[in-house]
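Next comes query.cif, with mmCIF, C-alpha atoms.
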```cif
data_entry
#
loop_
_atom_site.label_atom_id
_atom_site.label_comp_id
_atom_site.auth_asym_id
_atom_site.auth_seq_id
_atom_site.Cartn_x
_atom_site.Cartn_y
_atom_site.Cartn_z
CA MET P 1 108.48 71.09 83.76
CA PRO P 2 110.62 73.73 81.97
CA ASP P 3 112.48 76.30 84.04
CA THR P 4 110.62 79.46 83.03
CA ALA P 5 113.05 81.80 84.78
CA ALA P 6 115.99 80.18 83.00
CA ALA P 7 114.27 80.81 79.66
CA GLU P 8 113.35 84.40 80.54
CA ILE P 9 116.80 85.31 81.86
CA LEU P 10 119.78 84.17 79.81
CA ALA P 11 123.07 84.50 81.66
CA ASP P 12 126.61 83.48 80.76
CA VAL P 13 130.21 84.67 80.75
CA HIS P 14 131.86 85.26 77.38
CA ARG P 15 135.52 86.23 77.12
CA GLY P 16 135.58 87.80 80.54
CA VAL P 17 132.30 89.70 80.19
CA GLY P 18 129.20 88.63 82.11
CA ARG P 19 126.07 88.78 79.97
CA ILE P 20 122.49 88.90 81.22
CA LEU P 21 119.72 89.02 78.64
CA LEU P 22 116.08 89.70 79.49
CA ASN P 23 114.08 87.31 77.34
CA ARG P 24 110.37 87.84 77.94
CA PRO P 25 109.61 89.86 74.79
CA ARG P 26 105.84 89.31 74.63
CA ALA P 27 105.52 90.95 78.06
CA LEU P 28 108.10 93.64 77.19
CA ASN P 29 110.39 91.98 79.75
CA ALA P 30 108.10 92.87 82.66
CA LEU P 31 109.90 91.49 85.71
CA THR P 32 108.57 88.59 87.74
CA THR P 33 109.94 87.41 91.07
CA ASP P 34 111.64 84.47 89.37
CA MET P 35 113.33 86.77 86.84
CA VAL P 36 114.59 89.08 89.57
CA LEU P 37 115.96 86.14 91.55
CA ALA P 38 117.64 84.70 88.44
CA ILE P 39 119.45 87.99 87.75
CA ASP P 40 120.44 88.27 91.39
CA ARG P 41 121.83 84.72 91.42
CA ALA P 42 123.89 85.37 88.30
CA LEU P 43 125.40 88.55 89.74
CA ALA P 44 126.08 86.85 93.07
CA SER P 45 127.86 83.96 91.36
CA TRP P 46 130.13 86.34 89.40
CA GLU P 47 130.88 88.74 92.23
CA HIS P 48 134.42 87.44 92.74
CA ALA P 49 135.06 86.31 89.16
CA PRO P 50 137.76 88.08 87.09
CA LEU P 51 135.30 89.94 84.85
CA SER P 52 136.00 93.19 83.03
CA ALA P 53 132.29 94.12 82.90
CA VAL P 54 128.72 92.86 83.15
CA VAL P 55 126.31 93.71 80.34
CA LEU P 56 122.54 93.86 80.92
CA ALA P 57 120.49 93.82 77.72
CA SER P 58 117.31 92.56 76.08
CA THR P 59 116.59 90.10 73.30
CA SER P 60 113.85 92.46 72.09
CA THR P 61 114.21 95.72 70.19
CA LYS P 62 110.88 96.94 71.61
CA ALA P 63 111.85 97.03 75.26
CA PHE P 64 114.77 96.81 77.61
CA CYS P 65 112.30 96.34 80.46
CA ALA P 66 108.81 97.80 80.84
CA GLY P 67 108.93 97.48 84.64
CA GLY P 68 107.69 95.06 87.24
CA ASP P 69 104.82 92.70 86.51
CA ILE P 70 102.36 94.92 88.37
CA ARG P 71 99.34 93.09 86.98
CA THR P 72 100.45 89.98 88.92
CA ILE P 73 101.03 92.07 92.04
CA ARG P 74 97.43 93.27 91.79
CA GLU P 75 96.24 89.67 91.45
CA HIS P 76 98.15 88.73 94.58
CA SER P 77 96.62 91.67 96.44
CA LEU P 78 93.08 90.75 95.38
CA ALA P 79 93.72 87.16 96.44
CA GLY P 80 95.02 88.30 99.81
CA ASP P 81 98.48 86.86 99.11
CA ALA P 82 100.50 89.70 100.59
CA GLU P 83 103.52 87.44 101.08
CA ALA P 84 103.93 86.88 97.33
CA SER P 85 103.82 90.62 96.63
CA GLU P 86 106.24 91.48 99.39
CA ARG P 87 108.62 88.78 98.17
CA PHE P 88 108.68 90.40 94.73
CA PHE P 89 109.40 93.92 95.99
CA ALA P 90 111.95 92.81 98.59
CA SER P 91 113.79 90.76 95.94
CA GLU P 92 113.66 93.59 93.41
CA TYR P 93 114.97 96.22 95.80
CA ARG P 94 117.72 93.88 97.00
CA LEU P 95 118.78 93.46 93.38
CA ASN P 96 118.78 97.24 92.87
CA ALA P 97 121.15 97.60 95.82
CA ARG P 98 123.40 94.80 94.55
CA ILE P 99 123.73 96.50 91.15
CA ALA P 100 124.59 99.82 92.80
CA GLU P 101 127.32 98.22 94.91
CA TYR P 102 128.61 95.72 92.34
CA PRO P 103 132.43 95.50 92.19
CA VAL P 104 132.47 95.11 88.40
CA PRO P 105 131.24 97.82 85.98
CA VAL P 106 127.62 97.17 85.02
CA VAL P 107 126.67 98.31 81.51
CA SER P 108 122.96 98.46 80.63
CA LEU P 109 121.99 98.60 76.96
CA ILE P 110 118.66 100.44 76.75
CA ASP P 111 116.93 99.95 73.41
CA GLY P 112 113.19 100.60 73.39
CA LEU P 113 111.05 100.97 76.51
CA CYS P 114 112.71 101.31 79.90
CA MET P 115 110.16 102.07 82.59
CA GLY P 116 109.81 101.62 86.34
CA GLY P 117 111.68 98.45 87.25
CA GLY P 118 113.69 98.77 84.04
CA LEU P 119 115.22 101.95 85.42
CA GLY P 120 115.86 100.08 88.66
CA LEU P 121 117.91 97.54 86.70
CA SER P 122 119.85 100.14 84.74
CA VAL P 123 120.25 103.45 86.53
CA HIS P 124 122.03 102.04 89.58
CA GLY P 125 124.83 100.66 87.40
CA GLY P 126 127.73 102.82 86.33
CA PHE P 127 126.97 102.88 82.60
CA ARG P 128 123.58 103.35 80.92
CA VAL P 129 123.75 103.20 77.13
CA VAL P 130 120.74 104.43 75.13
CA THR P 131 119.90 104.14 71.45
CA GLU P 132 117.74 106.38 69.30
CA ARG P 133 114.79 104.10 70.15
CA ALA P 134 115.09 104.48 73.93
CA VAL P 135 112.07 105.70 75.90
CA LEU P 136 112.42 106.13 79.67
CA ALA P 137 109.76 106.86 82.29
CA MET P 138 108.63 106.39 85.87
CA PRO P 139 104.85 106.23 85.30
CA GLU P 140 103.76 104.92 88.69
CA THR P 141 101.56 107.81 89.84
CA GLY P 142 99.27 107.02 86.91
CA ILE P 143 98.47 103.57 88.32
CA GLY P 144 98.03 104.49 91.96
CA PHE P 145 101.57 103.50 92.93
CA PHE P 146 104.69 105.65 93.50
CA PRO P 147 108.18 105.90 91.93
CA ASP P 148 110.10 103.06 93.58
CA VAL P 149 113.18 100.88 92.74
CA GLY P 150 115.32 103.55 94.38
CA ALA P 151 113.69 106.42 92.45
CA SER P 152 113.39 108.35 95.71
CA TYR P 153 117.20 108.32 95.63
CA PHE P 154 118.08 108.86 91.97
CA LEU P 155 115.32 111.25 90.86
CA PRO P 156 116.14 113.96 93.45
CA ARG P 157 119.75 113.83 92.25
CA LEU P 158 118.87 114.83 88.69
CA PRO P 159 119.53 118.47 87.72
CA GLY P 160 117.23 121.08 89.22
CA ALA P 161 113.63 119.95 89.65
CA ILE P 162 113.67 117.51 86.72
CA GLY P 163 113.39 114.50 89.03
CA MET P 164 110.30 115.89 90.72
CA TYR P 165 108.76 116.59 87.31
CA LEU P 166 109.44 113.11 85.97
CA GLY P 167 108.38 111.38 89.19
CA LEU P 168 105.07 113.21 89.56
CA THR P 169 103.94 113.31 85.93
CA GLY P 170 105.36 110.02 84.62
CA GLN P 171 106.53 111.91 81.54
CA ARG P 172 108.32 109.79 78.95
CA ILE P 173 111.70 111.02 77.76
CA ASP P 174 113.83 110.09 74.77
CA ALA P 175 117.56 109.44 74.39
CA ALA P 176 118.40 113.15 74.17
CA ASP P 177 116.60 113.92 77.43
CA ALA P 178 118.04 110.83 79.13
CA LEU P 179 121.56 111.99 78.28
CA TYR P 180 120.80 115.56 79.35
CA THR P 181 119.48 114.48 82.74
CA GLY P 182 122.21 111.91 83.39
CA LEU P 183 119.82 108.96 83.47
CA ALA P 184 121.87 107.78 80.48
CA THR P 185 125.65 108.03 80.26
CA HIS P 186 126.34 107.10 76.61
CA PHE P 187 124.65 107.00 73.23
CA VAL P 188 125.25 104.12 70.82
CA PRO P 189 123.22 103.69 67.60
CA ALA P 190 120.87 100.70 67.65
CA ASP P 191 122.65 98.99 64.75
CA VAL P 192 125.89 98.99 66.73
CA LEU P 193 124.47 97.95 70.10
CA ASP P 194 125.13 94.24 69.65
CA THR P 195 128.86 94.92 69.35
CA VAL P 196 129.21 96.42 72.83
CA GLY P 197 129.87 93.11 74.59
CA ASP P 198 132.59 92.07 72.15
CA ALA P 199 134.17 95.53 72.25
CA LEU P 200 134.42 95.30 76.04
CA ALA P 201 135.88 91.80 75.78
CA ASP P 202 138.43 92.99 73.20
CA SER P 203 139.68 95.74 75.52
CA PRO P 204 139.56 94.35 79.07
CA ASP P 205 142.26 96.71 80.32
CA GLU P 206 140.69 99.89 78.99
CA PRO P 207 138.15 101.93 80.96
CA VAL P 208 134.58 101.08 80.00
CA ASP P 209 133.95 104.75 79.25
CA VAL P 210 136.69 104.77 76.61
CA VAL P 211 135.32 101.65 74.91
CA LEU P 212 131.78 103.02 74.83
CA ASN P 213 132.93 106.37 73.47
CA ARG P 214 134.58 104.60 70.53
CA LEU P 215 131.25 103.06 69.60
CA ALA P 216 129.20 106.20 70.05
CA GLY P 217 127.55 107.96 67.18
CA ARG P 218 126.67 111.65 67.21
CA SER P 219 125.07 112.35 70.55
CA PRO P 220 121.51 113.69 70.33
CA VAL P 221 121.82 115.56 73.63
CA ALA P 222 121.73 118.95 71.88
CA GLU P 223 118.17 118.10 70.82
CA SER P 224 116.93 117.69 74.40
CA ARG P 225 113.46 119.14 74.85
CA LEU P 226 113.98 119.17 78.60
CA ALA P 227 116.98 121.46 78.17
CA GLU P 228 114.78 123.94 76.30
CA ILE P 229 112.15 124.12 79.06
CA ARG P 230 114.52 123.65 81.98
CA GLY P 231 113.79 127.08 83.46
CA ASP P 232 110.05 126.46 83.57
CA VAL P 233 110.54 122.93 84.94
CA ASP P 234 112.73 124.17 87.77
CA TRP P 235 110.41 127.03 88.67
CA ALA P 236 107.18 125.04 88.62
CA PHE P 237 108.35 121.75 90.10
CA GLY P 238 110.76 123.38 92.52
CA ALA P 239 107.77 124.60 94.55
CA SER P 240 107.60 123.21 98.06
CA ALA P 241 104.01 121.95 97.87
CA LEU P 242 101.84 120.16 95.31
CA GLY P 243 99.26 122.93 95.30
CA GLU P 244 101.94 125.49 94.52
CA ILE P 245 103.28 123.36 91.67
CA ASP P 246 99.83 123.30 90.11
CA LYS P 247 99.43 127.04 90.65
CA ARG P 248 102.74 127.79 88.93
CA LEU P 249 101.92 125.54 85.99
CA ARG P 250 98.65 127.39 85.45
CA HIS P 251 100.49 130.72 85.70
CA LEU P 252 102.95 129.71 82.96
CA ASP P 253 100.11 129.10 80.49
CA THR P 254 102.26 127.26 77.92
CA PRO P 255 101.58 124.01 76.04
CA TRP P 256 104.20 122.22 78.17
CA ALA P 257 102.68 123.53 81.40
CA ALA P 258 99.17 122.55 80.29
CA ALA P 259 100.37 119.01 79.50
CA ALA P 260 102.14 118.74 82.85
CA SER P 261 99.07 120.04 84.68
CA GLY P 262 96.92 117.51 82.83
CA ALA P 263 99.26 114.69 83.84
CA LEU P 264 98.92 115.70 87.48
CA GLU P 265 95.13 115.88 87.20
CA SER P 266 94.95 112.35 85.78
CA ALA P 267 97.29 110.83 88.39
CA SER P 268 96.24 109.38 91.72
CA PRO P 269 96.10 112.18 94.34
CA GLN P 270 97.30 109.68 96.94
CA SER P 271 100.27 108.73 94.76
CA LEU P 272 101.18 112.34 94.09
CA GLU P 273 101.28 113.16 97.79
CA ILE P 274 103.45 110.14 98.57
CA ALA P 275 105.78 110.70 95.62
CA HIS P 276 106.21 114.39 96.41
CA ALA P 277 107.07 113.66 100.04
CA LEU P 278 109.55 110.92 99.12
CA LEU P 279 111.30 112.93 96.41
CA ALA P 280 111.44 116.09 98.52
CA ARG P 281 113.49 114.27 101.15
CA GLY P 282 115.43 111.86 98.97
CA ARG P 283 118.61 113.94 98.81
CA GLN P 284 119.10 113.49 102.54
CA ARG P 285 118.98 109.68 102.35
CA THR P 286 121.30 106.94 101.22
CA LEU P 287 120.13 104.49 98.57
CA ARG P 288 119.63 101.80 101.22
CA GLU P 289 117.49 104.17 103.31
CA CYS P 290 115.40 105.05 100.27
CA LEU P 291 114.86 101.41 99.36
CA ASP P 292 113.88 100.58 102.94
CA ALA P 293 111.31 103.40 102.97
CA GLU P 294 109.94 102.29 99.61
CA LEU P 295 109.60 98.69 100.76
CA ALA P 296 107.69 99.81 103.85
CA LEU P 297 105.36 101.83 101.64
CA THR P 298 104.64 99.04 99.19
CA ARG P 299 103.16 96.88 101.94
CA THR P 300 100.42 99.46 102.38
CA ILE P 301 100.02 100.87 98.87
CA ILE P 302 99.34 97.56 97.11
CA ARG P 303 96.25 97.09 99.28
CA THR P 304 94.72 100.50 98.61
CA PRO P 305 91.75 101.10 96.28
CA ASP P 306 93.77 103.58 94.20
CA PHE P 307 96.41 100.97 93.35
CA LEU P 308 93.90 98.23 92.57
CA GLU P 309 91.84 100.63 90.45
CA GLY P 310 94.84 102.20 88.71
CA VAL P 311 96.27 98.87 87.59
CA ARG P 312 92.83 97.70 86.51
CA ALA P 313 92.33 100.76 84.30
CA ALA P 314 95.83 100.75 82.81
CA LEU P 315 96.71 97.09 82.45
CA VAL P 316 93.66 94.89 82.97
CA ASP P 317 90.57 96.46 81.41
CA LYS P 318 92.68 99.18 79.72
CA ASP P 319 89.97 101.81 79.76
CA ARG P 320 92.61 104.32 80.93
CA THR P 321 90.11 106.15 83.13
CA PRO P 322 90.67 105.14 86.75
CA THR P 323 88.28 106.40 89.39
CA TRP P 324 90.54 107.56 92.17
CA GLN P 325 89.18 107.19 95.68
CA ARG P 326 91.84 109.22 97.46
CA ALA P 327 91.93 106.51 100.07
CA SER P 328 93.30 107.29 103.50
CA LEU P 329 96.30 105.24 104.61
CA GLY P 330 95.69 104.25 108.19
CA GLY P 331 93.75 107.44 108.81
CA ARG P 332 96.43 109.66 107.26
CA THR P 333 97.18 110.66 103.70
CA MET P 334 100.89 110.14 104.25
CA PRO P 335 102.12 107.58 106.79
CA SER P 336 104.68 109.09 109.16
CA TRP P 337 107.02 106.12 108.83
CA ALA P 338 107.30 106.59 105.07
CA CYS P 339 109.05 109.95 105.24
CA PRO P 340 110.57 110.48 108.68
CA PRO P 341 112.15 113.88 109.40
#
```
What's the structure tokens form of this structure?
Amino acid sequence: MPDTAAAEILADVHRGVGRILLNRPRALNALTTDMVLAIDRALASWEHAPLSAVVLASTSTKAFCAGGDIRTIREHSLAGDAEASERFFASEYRLNARIAEYPVPVVSLIDGLCMGGGLGLSVHGGFRVVTERAVLAMPETGIGFFPDVGASYFLPRLPGAIGMYLGLTGQRIDAADALYTGLATHFVPADVLDTVGDALADSPDEPVDVVLNRLAGRSPVAESRLAEIRGDVDWAFGASALGEIDKRLRHLDTPWAAAASGALESASPQSLEIAHALLARGRQRTLRECLDAELALTRTIIRTPDFLEGVRAALVDKDRTPTWQRASLGGRTMPSWACPP
């Protein structure tokens, strides 16, 4: 029987640079447990090797990584196989932590979609390179889930209230916005992206930042739409409660505010409450603490009607119109252990 994980994750060392390629293009590199474990094994095996960098990339121009394979998680939940689901999330979050603490610079090359788990793979590394085709998002509230993979750590650390805005609405952003927010660190044109690994290998003694800057084209950051609406974002999503956020958006009465309000209306109310609570307190937590809280939450969330319905509507039947049930979690909307004081 062929080793599927080996085919979907290609890993090697070339001239002192570790290379990990996501190779599941038909699924937009949606992560499975086996893929996560294969990446983790590769990084573990290189941890003490004399590498100048590790490059994470995709064999597809459509997607770096569209996230975790949530459809399979739903199937496990419906089948009552909680152990399989928990194994996926525990493995994924462990990998996120490894990338954040890795002793060698990790360089992610984001070309195409990078959503959910794709941000977990990339944002915790020191260098996140985007092309003009990059699209980033944390869309979990739209499927009855919540921004995970350490998002409760990295979103609150974005400028102003941008992290709260992105986490609650699932808004997609382009390369300009990614650079403006700091989710991306460098811009390299798509037709140059394949040269990054060789450029790093050619200059092992130079800082990664210097090598990437040599390859960079004209940065699109000046075209950031988020920069233009930053004042409204900070005022509306800086409110201390969800109801107040909605009230401020309606007060603004602008096309952006109407779109943001519509995104909140279409999201799972349960997910919004959980995401807001997590993001509001994320600045006070370490990455490990955030990942631990997220893992505890997943064990409950993946069994709720909102999650099962949200994934059905978005990924299974694709009618895009979930019927949210605003299910109670153990008699409470927000479990106390998810967001301790």
- Query: Could you name the residues that touch Phe237 of chain P at 8 Å or less, counting all atoms listed in the file, but leaving out those on the same chain fewer than 3 positions away, as an NGL selection string?
  - Reply: :P and (161-162 or 164-165 or 233-234 or 245)
- With the file shown as input, list the residues that the PyMOL selection byres ((chain P and resi 263) around 9) selects, as a PyMOL selection string. chain P and resi 142+168-171+258-262+264-267
- Taking into account all atoms listed in the file, which residue in the set P:Leu200, P:Ala176, P:Ile143, P:Leu56 is nearest to Arg128 of chain P?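 The answer is P:Leu56, which sits nearest to Arg128 of chain P.
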Around (117.7, 86.7, 92.1) in the file's frame, which residues reach within 12 Å when counting all atoms listed in the file? Return as a CSV table (one decimal) with C-alpha atoms, in the coordinates of the input?
```csv
chain,number,residue,atom,x,y,z
P,5,ALA,CA,113.0,81.8,84.8
P,6,ALA,CA,116.0,80.2,83.0
P,9,ILE,CA,116.8,85.3,81.9
P,11,ALA,CA,123.1,84.5,81.7
P,31,LEU,CA,109.9,91.5,85.7
P,32,THR,CA,108.6,88.6,87.7
P,33,THR,CA,109.9,87.4,91.1
P,34,ASP,CA,111.6,84.5,89.4
P,35,MET,CA,113.3,86.8,86.8
P,36,VAL,CA,114.6,89.1,89.6
P,37,LEU,CA,116.0,86.1,91.6
P,38,ALA,CA,117.6,84.7,88.4
P,39,ILE,CA,119.4,88.0,87.8
P,40,ASP,CA,120.4,88.3,91.4
P,41,ARG,CA,121.8,84.7,91.4
P,42,ALA,CA,123.9,85.4,88.3
P,43,LEU,CA,125.4,88.6,89.7
P,44,ALA,CA,126.1,86.8,93.1
P,45,SER,CA,127.9,84.0,91.4
P,87,ARG,CA,108.6,88.8,98.2
P,88,PHE,CA,108.7,90.4,94.7
P,89,PHE,CA,109.4,93.9,96.0
P,90,ALA,CA,112.0,92.8,98.6
P,91,SER,CA,113.8,90.8,95.9
P,92,GLU,CA,113.7,93.6,93.4
P,93,TYR,CA,115.0,96.2,95.8
P,94,ARG,CA,117.7,93.9,97.0
P,95,LEU,CA,118.8,93.5,93.4
P,96,ASN,CA,118.8,97.2,92.9
P,98,ARG,CA,123.4,94.8,94.6
P,99,ILE,CA,123.7,96.5,91.2
```
Mind dumping a table of every segment 67-138 of chain P residue within 12 Å of segment 270-286 of chain P, with the nearest atom pair and its distance in Å to one decimal, using all atoms listed in the file, sorted by chain and rising number, as CSV?
```
residue,atom,partner,partner_atom,distance
P:Ala97,CA,P:Thr286,CA,10.8
P:Ala100,CA,P:Thr286,CA,11.5
P:Met138,CA,P:Ala275,CA,11.0
```
- Item | Neighbour residues at most 7 Å from (126.5, 104.0, 71.0) (all atoms listed in the file) as number ranges by chain | P: 129, 131, 186-189, 192-193, 212, 215-217
- Looking at P:Leu291, P:Arg225, P:Trp235, P:Gln325, which one is nearest to Leu308 of chain P, with distances taken over only C-alpha atoms? P:Gln325
- Task: Return as a ChimeraX atom specification the set of residues that the PyMOL selection byres ((chain P and resi 232) around 10) yields on the displayed structure.
- Result: /P:161,226,228-231,233-238,248-249,252,254,256-257
- Task: Please provide the set of residues having any atom within 9 Å of Arg303 of chain P, restricted to all atoms listed in the file, with same-chain residues fewer than 6 positions apart removed, written as a count of residues only.
- Result: 5
